[in-house]
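run_28.txt (compact mmCIF, N, CA and C atoms) appears below.
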# COMPACT_ATOMS: atom_id res chain seq x y z
N VAL P 7 144.93 57.62 58.13
CA VAL P 7 144.15 58.74 57.60
C VAL P 7 145.09 59.63 56.80
N GLN P 8 144.73 59.86 55.56
CA GLN P 8 145.52 60.75 54.71
C GLN P 8 144.65 61.90 54.24
N LEU P 9 145.25 63.08 54.21
CA LEU P 9 144.54 64.27 53.79
C LEU P 9 145.29 64.89 52.61
N GLN P 10 144.55 65.22 51.59
CA GLN P 10 145.13 65.82 50.40
C GLN P 10 144.50 67.18 50.18
N ALA P 11 145.30 68.22 50.39
CA ALA P 11 144.80 69.59 50.23
C ALA P 11 145.21 70.14 48.88
N SER P 12 144.38 71.02 48.36
CA SER P 12 144.67 71.65 47.08
C SER P 12 143.94 72.98 46.99
N GLY P 13 144.35 73.79 46.00
CA GLY P 13 143.59 74.99 45.71
C GLY P 13 144.26 76.30 46.04
N GLY P 14 145.44 76.28 46.60
CA GLY P 14 146.10 77.55 46.91
C GLY P 14 146.54 78.27 45.64
N GLY P 15 147.07 79.46 45.83
CA GLY P 15 147.55 80.22 44.69
C GLY P 15 147.83 81.66 45.05
N LEU P 16 148.04 82.44 44.02
CA LEU P 16 148.32 83.87 44.17
C LEU P 16 147.10 84.66 43.71
N VAL P 17 146.68 85.60 44.55
CA VAL P 17 145.51 86.39 44.22
C VAL P 17 145.72 87.81 44.72
N GLN P 18 145.07 88.74 44.08
CA GLN P 18 145.16 90.13 44.52
C GLN P 18 144.25 90.37 45.71
N SER P 19 144.57 91.39 46.46
CA SER P 19 143.74 91.78 47.59
C SER P 19 142.30 92.00 47.13
N GLY P 20 141.36 91.44 47.88
CA GLY P 20 139.96 91.52 47.50
C GLY P 20 139.48 90.33 46.69
N GLY P 21 140.39 89.49 46.27
CA GLY P 21 140.05 88.34 45.45
C GLY P 21 139.57 87.16 46.27
N SER P 22 139.36 86.05 45.58
CA SER P 22 138.82 84.85 46.20
C SER P 22 139.63 83.61 45.81
N LEU P 23 139.60 82.64 46.70
CA LEU P 23 140.21 81.34 46.44
C LEU P 23 139.37 80.27 47.12
N ARG P 24 139.49 79.06 46.60
CA ARG P 24 138.82 77.92 47.21
C ARG P 24 139.85 76.84 47.49
N LEU P 25 139.88 76.38 48.72
CA LEU P 25 140.74 75.27 49.11
C LEU P 25 139.89 74.03 49.34
N SER P 26 140.44 72.89 48.97
CA SER P 26 139.75 71.63 49.19
C SER P 26 140.66 70.66 49.92
N CYS P 27 140.06 69.80 50.69
CA CYS P 27 140.82 68.77 51.42
C CYS P 27 140.03 67.47 51.33
N VAL P 28 140.64 66.48 50.71
CA VAL P 28 140.01 65.17 50.58
C VAL P 28 140.60 64.24 51.63
N VAL P 29 139.73 63.58 52.36
CA VAL P 29 140.17 62.66 53.41
C VAL P 29 140.05 61.24 52.89
N SER P 30 141.04 60.40 53.22
CA SER P 30 141.12 59.08 52.62
C SER P 30 140.12 58.08 53.18
N THR P 31 139.55 58.39 54.34
CA THR P 31 138.63 57.43 54.97
C THR P 31 137.31 58.10 55.28
N ARG P 32 136.34 57.27 55.54
CA ARG P 32 135.03 57.77 55.92
C ARG P 32 135.11 58.49 57.25
N LEU P 33 134.37 59.57 57.35
CA LEU P 33 134.34 60.33 58.59
C LEU P 33 133.04 60.10 59.33
N PHE P 34 133.09 60.27 60.63
CA PHE P 34 131.93 60.02 61.47
C PHE P 34 131.56 61.31 62.22
N THR P 35 130.37 61.31 62.77
CA THR P 35 129.89 62.53 63.41
C THR P 35 130.76 62.95 64.59
N SER P 36 131.53 62.04 65.14
CA SER P 36 132.42 62.38 66.24
C SER P 36 133.74 62.99 65.77
N ASP P 37 133.96 62.97 64.47
CA ASP P 37 135.20 63.52 63.92
C ASP P 37 135.05 65.01 63.66
N GLU P 38 136.20 65.65 63.54
CA GLU P 38 136.21 67.08 63.27
C GLU P 38 137.30 67.38 62.25
N MET P 39 136.98 68.26 61.33
CA MET P 39 137.97 68.75 60.37
C MET P 39 138.22 70.24 60.63
N GLY P 40 139.42 70.66 60.32
CA GLY P 40 139.74 72.06 60.52
C GLY P 40 140.70 72.56 59.47
N TRP P 41 140.68 73.87 59.29
CA TRP P 41 141.66 74.54 58.43
C TRP P 41 142.51 75.45 59.30
N TYR P 42 143.81 75.36 59.10
CA TYR P 42 144.76 76.17 59.84
C TYR P 42 145.66 76.89 58.84
N ARG P 43 146.31 77.92 59.33
CA ARG P 43 147.27 78.60 58.46
C ARG P 43 148.47 79.04 59.29
N GLN P 44 149.57 79.18 58.58
CA GLN P 44 150.81 79.61 59.23
C GLN P 44 151.56 80.56 58.31
N ALA P 45 151.76 81.76 58.81
CA ALA P 45 152.54 82.75 58.07
C ALA P 45 153.99 82.66 58.53
N PRO P 46 154.92 83.10 57.71
CA PRO P 46 156.34 83.05 58.10
C PRO P 46 156.60 83.77 59.41
N GLY P 47 157.27 83.11 60.32
CA GLY P 47 157.60 83.71 61.60
C GLY P 47 156.47 83.75 62.60
N LYS P 48 155.34 83.17 62.24
CA LYS P 48 154.19 83.18 63.15
C LYS P 48 153.76 81.76 63.48
N GLN P 49 153.00 81.65 64.57
CA GLN P 49 152.49 80.35 64.95
C GLN P 49 151.33 79.95 64.06
N ARG P 50 151.13 78.66 63.96
CA ARG P 50 150.00 78.15 63.22
C ARG P 50 148.71 78.51 63.98
N GLU P 51 147.73 78.96 63.25
CA GLU P 51 146.47 79.35 63.88
C GLU P 51 145.30 78.68 63.17
N ARG P 52 144.27 78.41 63.95
CA ARG P 52 143.09 77.81 63.36
C ARG P 52 142.26 78.89 62.68
N VAL P 53 141.82 78.57 61.49
CA VAL P 53 140.99 79.48 60.71
C VAL P 53 139.52 79.11 60.83
N ALA P 54 139.25 77.81 60.71
CA ALA P 54 137.86 77.35 60.76
C ALA P 54 137.86 75.90 61.18
N ARG P 55 136.77 75.51 61.82
CA ARG P 55 136.60 74.12 62.17
C ARG P 55 135.20 73.69 61.81
N ILE P 56 135.05 72.43 61.46
CA ILE P 56 133.75 71.91 61.08
C ILE P 56 133.64 70.49 61.60
N PRO P 57 132.93 70.34 62.72
CA PRO P 57 132.64 68.99 63.18
C PRO P 57 131.81 68.26 62.14
N TRP P 58 132.09 67.00 61.96
CA TRP P 58 131.39 66.27 60.89
C TRP P 58 129.90 66.15 61.18
N GLY P 59 129.54 66.30 62.43
CA GLY P 59 128.14 66.23 62.78
C GLY P 59 127.61 67.48 63.44
N GLY P 60 128.33 68.61 63.33
CA GLY P 60 127.91 69.81 64.03
C GLY P 60 128.11 71.08 63.23
N ASN P 61 128.10 72.19 63.96
CA ASN P 61 128.16 73.49 63.32
C ASN P 61 129.59 74.00 63.16
N THR P 62 129.73 74.94 62.28
CA THR P 62 131.05 75.49 61.98
C THR P 62 131.46 76.56 62.98
N ASN P 63 132.74 76.83 62.97
CA ASN P 63 133.29 77.84 63.87
C ASN P 63 134.45 78.52 63.15
N TYR P 64 134.57 79.85 63.30
CA TYR P 64 135.59 80.59 62.58
C TYR P 64 136.41 81.48 63.50
N ALA P 65 137.65 81.72 63.10
CA ALA P 65 138.45 82.73 63.78
C ALA P 65 137.83 84.10 63.50
N ASP P 66 137.93 84.99 64.46
CA ASP P 66 137.34 86.31 64.30
C ASP P 66 137.87 87.04 63.06
N SER P 67 139.13 86.78 62.74
CA SER P 67 139.76 87.50 61.63
C SER P 67 139.19 87.14 60.27
N VAL P 68 138.47 86.02 60.18
CA VAL P 68 137.95 85.58 58.88
C VAL P 68 136.44 85.52 58.84
N LYS P 69 135.78 85.79 59.93
CA LYS P 69 134.32 85.74 59.96
C LYS P 69 133.73 86.67 58.91
N GLY P 70 132.76 86.16 58.20
CA GLY P 70 132.11 86.95 57.16
C GLY P 70 132.82 86.91 55.82
N ARG P 71 134.03 86.38 55.80
CA ARG P 71 134.80 86.31 54.54
C ARG P 71 135.08 84.88 54.12
N PHE P 72 135.24 83.98 55.08
CA PHE P 72 135.54 82.58 54.79
C PHE P 72 134.33 81.72 55.13
N THR P 73 134.15 80.68 54.34
CA THR P 73 133.09 79.72 54.60
C THR P 73 133.64 78.31 54.46
N VAL P 74 133.44 77.50 55.47
CA VAL P 74 133.88 76.11 55.43
C VAL P 74 132.66 75.23 55.25
N SER P 75 132.81 74.21 54.44
CA SER P 75 131.69 73.31 54.19
C SER P 75 132.21 71.89 54.04
N ARG P 76 131.31 70.94 54.09
CA ARG P 76 131.69 69.53 53.98
C ARG P 76 130.80 68.85 52.96
N ASP P 77 131.39 67.87 52.33
CA ASP P 77 130.65 66.99 51.44
C ASP P 77 130.85 65.58 51.99
N LYS P 78 129.86 65.10 52.71
CA LYS P 78 130.02 63.82 53.38
C LYS P 78 130.18 62.67 52.40
N ALA P 79 129.53 62.76 51.28
CA ALA P 79 129.62 61.67 50.30
C ALA P 79 131.02 61.56 49.71
N LYS P 80 131.71 62.69 49.64
CA LYS P 80 133.04 62.71 49.03
C LYS P 80 134.16 62.83 50.07
N ASN P 81 133.79 62.83 51.35
CA ASN P 81 134.80 63.00 52.42
C ASN P 81 135.69 64.21 52.13
N THR P 82 135.07 65.31 51.80
CA THR P 82 135.80 66.50 51.39
C THR P 82 135.36 67.71 52.21
N VAL P 83 136.34 68.50 52.56
CA VAL P 83 136.09 69.77 53.24
C VAL P 83 136.60 70.89 52.34
N THR P 84 135.80 71.91 52.21
CA THR P 84 136.15 73.03 51.33
C THR P 84 136.18 74.33 52.13
N LEU P 85 137.15 75.15 51.84
CA LEU P 85 137.23 76.47 52.46
C LEU P 85 137.14 77.51 51.35
N GLU P 86 136.03 78.22 51.34
CA GLU P 86 135.83 79.30 50.38
C GLU P 86 136.30 80.60 51.03
N MET P 87 137.24 81.28 50.37
CA MET P 87 137.80 82.49 50.94
C MET P 87 137.52 83.65 50.00
N SER P 88 136.93 84.68 50.52
CA SER P 88 136.64 85.85 49.70
C SER P 88 137.14 87.11 50.39
N ASN P 89 137.17 88.20 49.62
CA ASN P 89 137.68 89.47 50.14
C ASN P 89 139.02 89.25 50.86
N LEU P 90 139.89 88.56 50.18
CA LEU P 90 141.18 88.21 50.78
C LEU P 90 142.04 89.44 51.01
N LYS P 91 142.81 89.35 52.07
CA LYS P 91 143.71 90.44 52.46
C LYS P 91 145.14 89.93 52.49
N PRO P 92 146.13 90.81 52.37
CA PRO P 92 147.52 90.35 52.43
C PRO P 92 147.83 89.58 53.71
N GLU P 93 147.20 89.92 54.80
CA GLU P 93 147.46 89.20 56.05
C GLU P 93 146.85 87.80 56.07
N ASP P 94 146.09 87.44 55.06
CA ASP P 94 145.61 86.07 54.93
C ASP P 94 146.64 85.14 54.30
N SER P 95 147.72 85.69 53.85
CA SER P 95 148.76 84.89 53.19
C SER P 95 149.38 83.90 54.17
N GLY P 96 149.76 82.75 53.64
CA GLY P 96 150.42 81.75 54.46
C GLY P 96 150.21 80.36 53.89
N LEU P 97 150.75 79.39 54.60
CA LEU P 97 150.51 77.99 54.25
C LEU P 97 149.24 77.54 54.96
N TYR P 98 148.33 77.00 54.22
CA TYR P 98 147.07 76.53 54.77
C TYR P 98 147.08 75.01 54.84
N TYR P 99 146.67 74.52 56.00
CA TYR P 99 146.66 73.09 56.26
C TYR P 99 145.26 72.64 56.67
N CYS P 100 144.88 71.47 56.22
CA CYS P 100 143.68 70.87 56.78
C CYS P 100 144.10 69.85 57.83
N ARG P 101 143.24 69.65 58.77
CA ARG P 101 143.55 68.76 59.89
C ARG P 101 142.36 67.90 60.22
N TYR P 102 142.63 66.63 60.49
CA TYR P 102 141.63 65.70 60.99
C TYR P 102 141.89 65.50 62.47
N ASN P 103 140.81 65.55 63.26
CA ASN P 103 140.90 65.30 64.69
C ASN P 103 139.72 64.40 65.05
N GLY P 104 140.04 63.16 65.44
CA GLY P 104 138.96 62.26 65.76
C GLY P 104 139.46 61.03 66.48
N ALA P 105 138.67 60.00 66.44
CA ALA P 105 138.98 58.77 67.18
C ALA P 105 140.28 58.13 66.69
N ARG P 106 140.63 58.37 65.45
CA ARG P 106 141.85 57.77 64.91
C ARG P 106 143.08 58.63 65.16
N GLY P 107 142.93 59.74 65.85
CA GLY P 107 144.06 60.59 66.18
C GLY P 107 143.97 61.93 65.48
N ILE P 108 145.12 62.57 65.34
CA ILE P 108 145.21 63.86 64.66
C ILE P 108 146.14 63.71 63.46
N TYR P 109 145.63 64.13 62.31
CA TYR P 109 146.42 64.03 61.09
C TYR P 109 146.35 65.36 60.36
N TRP P 110 147.45 65.68 59.68
CA TRP P 110 147.54 66.92 58.92
C TRP P 110 147.75 66.63 57.44
N GLY P 111 147.17 67.47 56.64
CA GLY P 111 147.47 67.43 55.23
C GLY P 111 148.72 68.24 54.95
N GLN P 112 149.21 68.14 53.74
CA GLN P 112 150.35 68.98 53.37
C GLN P 112 149.85 70.41 53.20
N GLY P 113 150.65 71.36 53.39
CA GLY P 113 150.22 72.75 53.27
C GLY P 113 150.02 73.15 51.82
N THR P 114 149.12 74.08 51.64
CA THR P 114 148.93 74.67 50.32
C THR P 114 149.08 76.18 50.47
N GLN P 115 149.90 76.77 49.61
CA GLN P 115 150.27 78.17 49.78
C GLN P 115 149.19 79.11 49.25
N VAL P 116 148.88 80.08 50.07
CA VAL P 116 147.98 81.17 49.68
C VAL P 116 148.77 82.47 49.79
N THR P 117 148.84 83.20 48.71
CA THR P 117 149.54 84.48 48.70
C THR P 117 148.61 85.55 48.18
N VAL P 118 148.43 86.58 48.99
CA VAL P 118 147.54 87.69 48.62
C VAL P 118 148.39 88.94 48.46
N SER P 119 148.40 89.46 47.27
CA SER P 119 149.20 90.66 47.00
C SER P 119 148.36 91.92 47.22
N SER P 120 149.04 92.96 47.65
CA SER P 120 148.33 94.21 47.93
C SER P 120 148.22 95.09 46.71

Please lay out the structure from this file as structure tokens.
Amino acid sequence: VQLQASGGGLVQSGGSLRLSCVVSTRLFTSDEMGWYRQAPGKQRERVARIPWGGNTNYADSVKGRFTVSRDKAKNTVTLEMSNLKPEDSGLYYCRYNGARGIYWGQGTQVTVSS
């Protein structure tokens, strides 16, 4: 399983970004995709999760600002981020968790300036 993440960048506080993660194989309803982030000196934290056959779940810090979605036909997960804050800055990773194990994509940098 390979994951290819893209879409990071530099944005001002209050701005928006979209991250995408393409998965190399077909996903099943028992699989789950997630977005995580890691700021310098901090532990990696989960931002959002989306079971391939279920409902989404978000960290409290991003509720109402971030939206995760899936495109089953394209094996793609998208994270729409709006009203970004400087504390949202970090390396963002997508993760696959399913019957084939746990796999991570490469990080994509998100930097929010104040």

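Among the candidate residues P:Arg71, P:Arg55, P:Lys78, P:Arg43, the one lying nearest to P:Tyr99 is P:Arg43, with distances computed using only N, CA and C atoms.
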
Exercise for the section: Can you list, as an NGL selection string, all residues belonging to chain P that DSSP tags as strand (DSSP E)? Expected result: :P and (9-12 or 15-18 or 23-29 or 38-44 or 51-57 or 63-64 or 72-77 or 82-87 or 96-104 or 107-110 or 114-119)

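Counting from atom N of P:Tyr64, the distance to atom N of P:Thr84 is 13.7 Å.
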
Problem - Who sits within 8 Å of stretch 103-116 of chain P, only C-alpha atoms, same chain under 4 positions skipped, as an MDAnalysis selection string - result: chainID P and resid 7:17 27 36:39 94:99

Any chance you can output those residues with N, CA and C atoms as a compact mmCIF listing (two decimals), in the coordinates of the input?
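See selection_6.txt below for the written result:
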# COMPACT_ATOMS: atom_id res chain seq x y z
N VAL P 7 144.93 57.62 58.13
CA VAL P 7 144.15 58.74 57.60
C VAL P 7 145.09 59.63 56.80
N GLN P 8 144.73 59.86 55.56
CA GLN P 8 145.52 60.75 54.71
C GLN P 8 144.65 61.90 54.24
N LEU P 9 145.25 63.08 54.21
CA LEU P 9 144.54 64.27 53.79
C LEU P 9 145.29 64.89 52.61
N GLN P 10 144.55 65.22 51.59
CA GLN P 10 145.13 65.82 50.40
C GLN P 10 144.50 67.18 50.18
N ALA P 11 145.30 68.22 50.39
CA ALA P 11 144.80 69.59 50.23
C ALA P 11 145.21 70.14 48.88
N SER P 12 144.38 71.02 48.36
CA SER P 12 144.67 71.65 47.08
C SER P 12 143.94 72.98 46.99
N GLY P 13 144.35 73.79 46.00
CA GLY P 13 143.59 74.99 45.71
C GLY P 13 144.26 76.30 46.04
N GLY P 14 145.44 76.28 46.60
CA GLY P 14 146.10 77.55 46.91
C GLY P 14 146.54 78.27 45.64
N GLY P 15 147.07 79.46 45.83
CA GLY P 15 147.55 80.22 44.69
C GLY P 15 147.83 81.66 45.05
N LEU P 16 148.04 82.44 44.02
CA LEU P 16 148.32 83.87 44.17
C LEU P 16 147.10 84.66 43.71
N VAL P 17 146.68 85.60 44.55
CA VAL P 17 145.51 86.39 44.22
C VAL P 17 145.72 87.81 44.72
N CYS P 27 140.06 69.80 50.69
CA CYS P 27 140.82 68.77 51.42
C CYS P 27 140.03 67.47 51.33
N SER P 36 131.53 62.04 65.14
CA SER P 36 132.42 62.38 66.24
C SER P 36 133.74 62.99 65.77
N ASP P 37 133.96 62.97 64.47
CA ASP P 37 135.20 63.52 63.92
C ASP P 37 135.05 65.01 63.66
N GLU P 38 136.20 65.65 63.54
CA GLU P 38 136.21 67.08 63.27
C GLU P 38 137.30 67.38 62.25
N MET P 39 136.98 68.26 61.33
CA MET P 39 137.97 68.75 60.37
C MET P 39 138.22 70.24 60.63
N ASP P 94 146.09 87.44 55.06
CA ASP P 94 145.61 86.07 54.93
C ASP P 94 146.64 85.14 54.30
N SER P 95 147.72 85.69 53.85
CA SER P 95 148.76 84.89 53.19
C SER P 95 149.38 83.90 54.17
N GLY P 96 149.76 82.75 53.64
CA GLY P 96 150.42 81.75 54.46
C GLY P 96 150.21 80.36 53.89
N LEU P 97 150.75 79.39 54.60
CA LEU P 97 150.51 77.99 54.25
C LEU P 97 149.24 77.54 54.96
N TYR P 98 148.33 77.00 54.22
CA TYR P 98 147.07 76.53 54.77
C TYR P 98 147.08 75.01 54.84
N TYR P 99 146.67 74.52 56.00
CA TYR P 99 146.66 73.09 56.26
C TYR P 99 145.26 72.64 56.67

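Computed from the coordinates, the atom CA of P:Val118 to atom C of P:Ala54 distance equals 19.8 Å.
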
Completion exercise
Using all atoms listed in the file, the residue out of P:Thr35, P:Tyr42, P:Arg76, P:Val29 with shortest distance to P:Cys100 is P:Tyr42

Exercise for the section: Apply DSSP to the structure's backbone, then extract all residues of stretch 19-105 of chain P labelled helix (DSSP H, G or I) and return them as a ChimeraX atom specification. Expected result: /P:78-80,92-94

Exercise for the section: Quick one: pull the distance between atom CA of P:Glu51 and atom CA of P:Glu86, Å, one decimal. Expected result: 17.2 Å
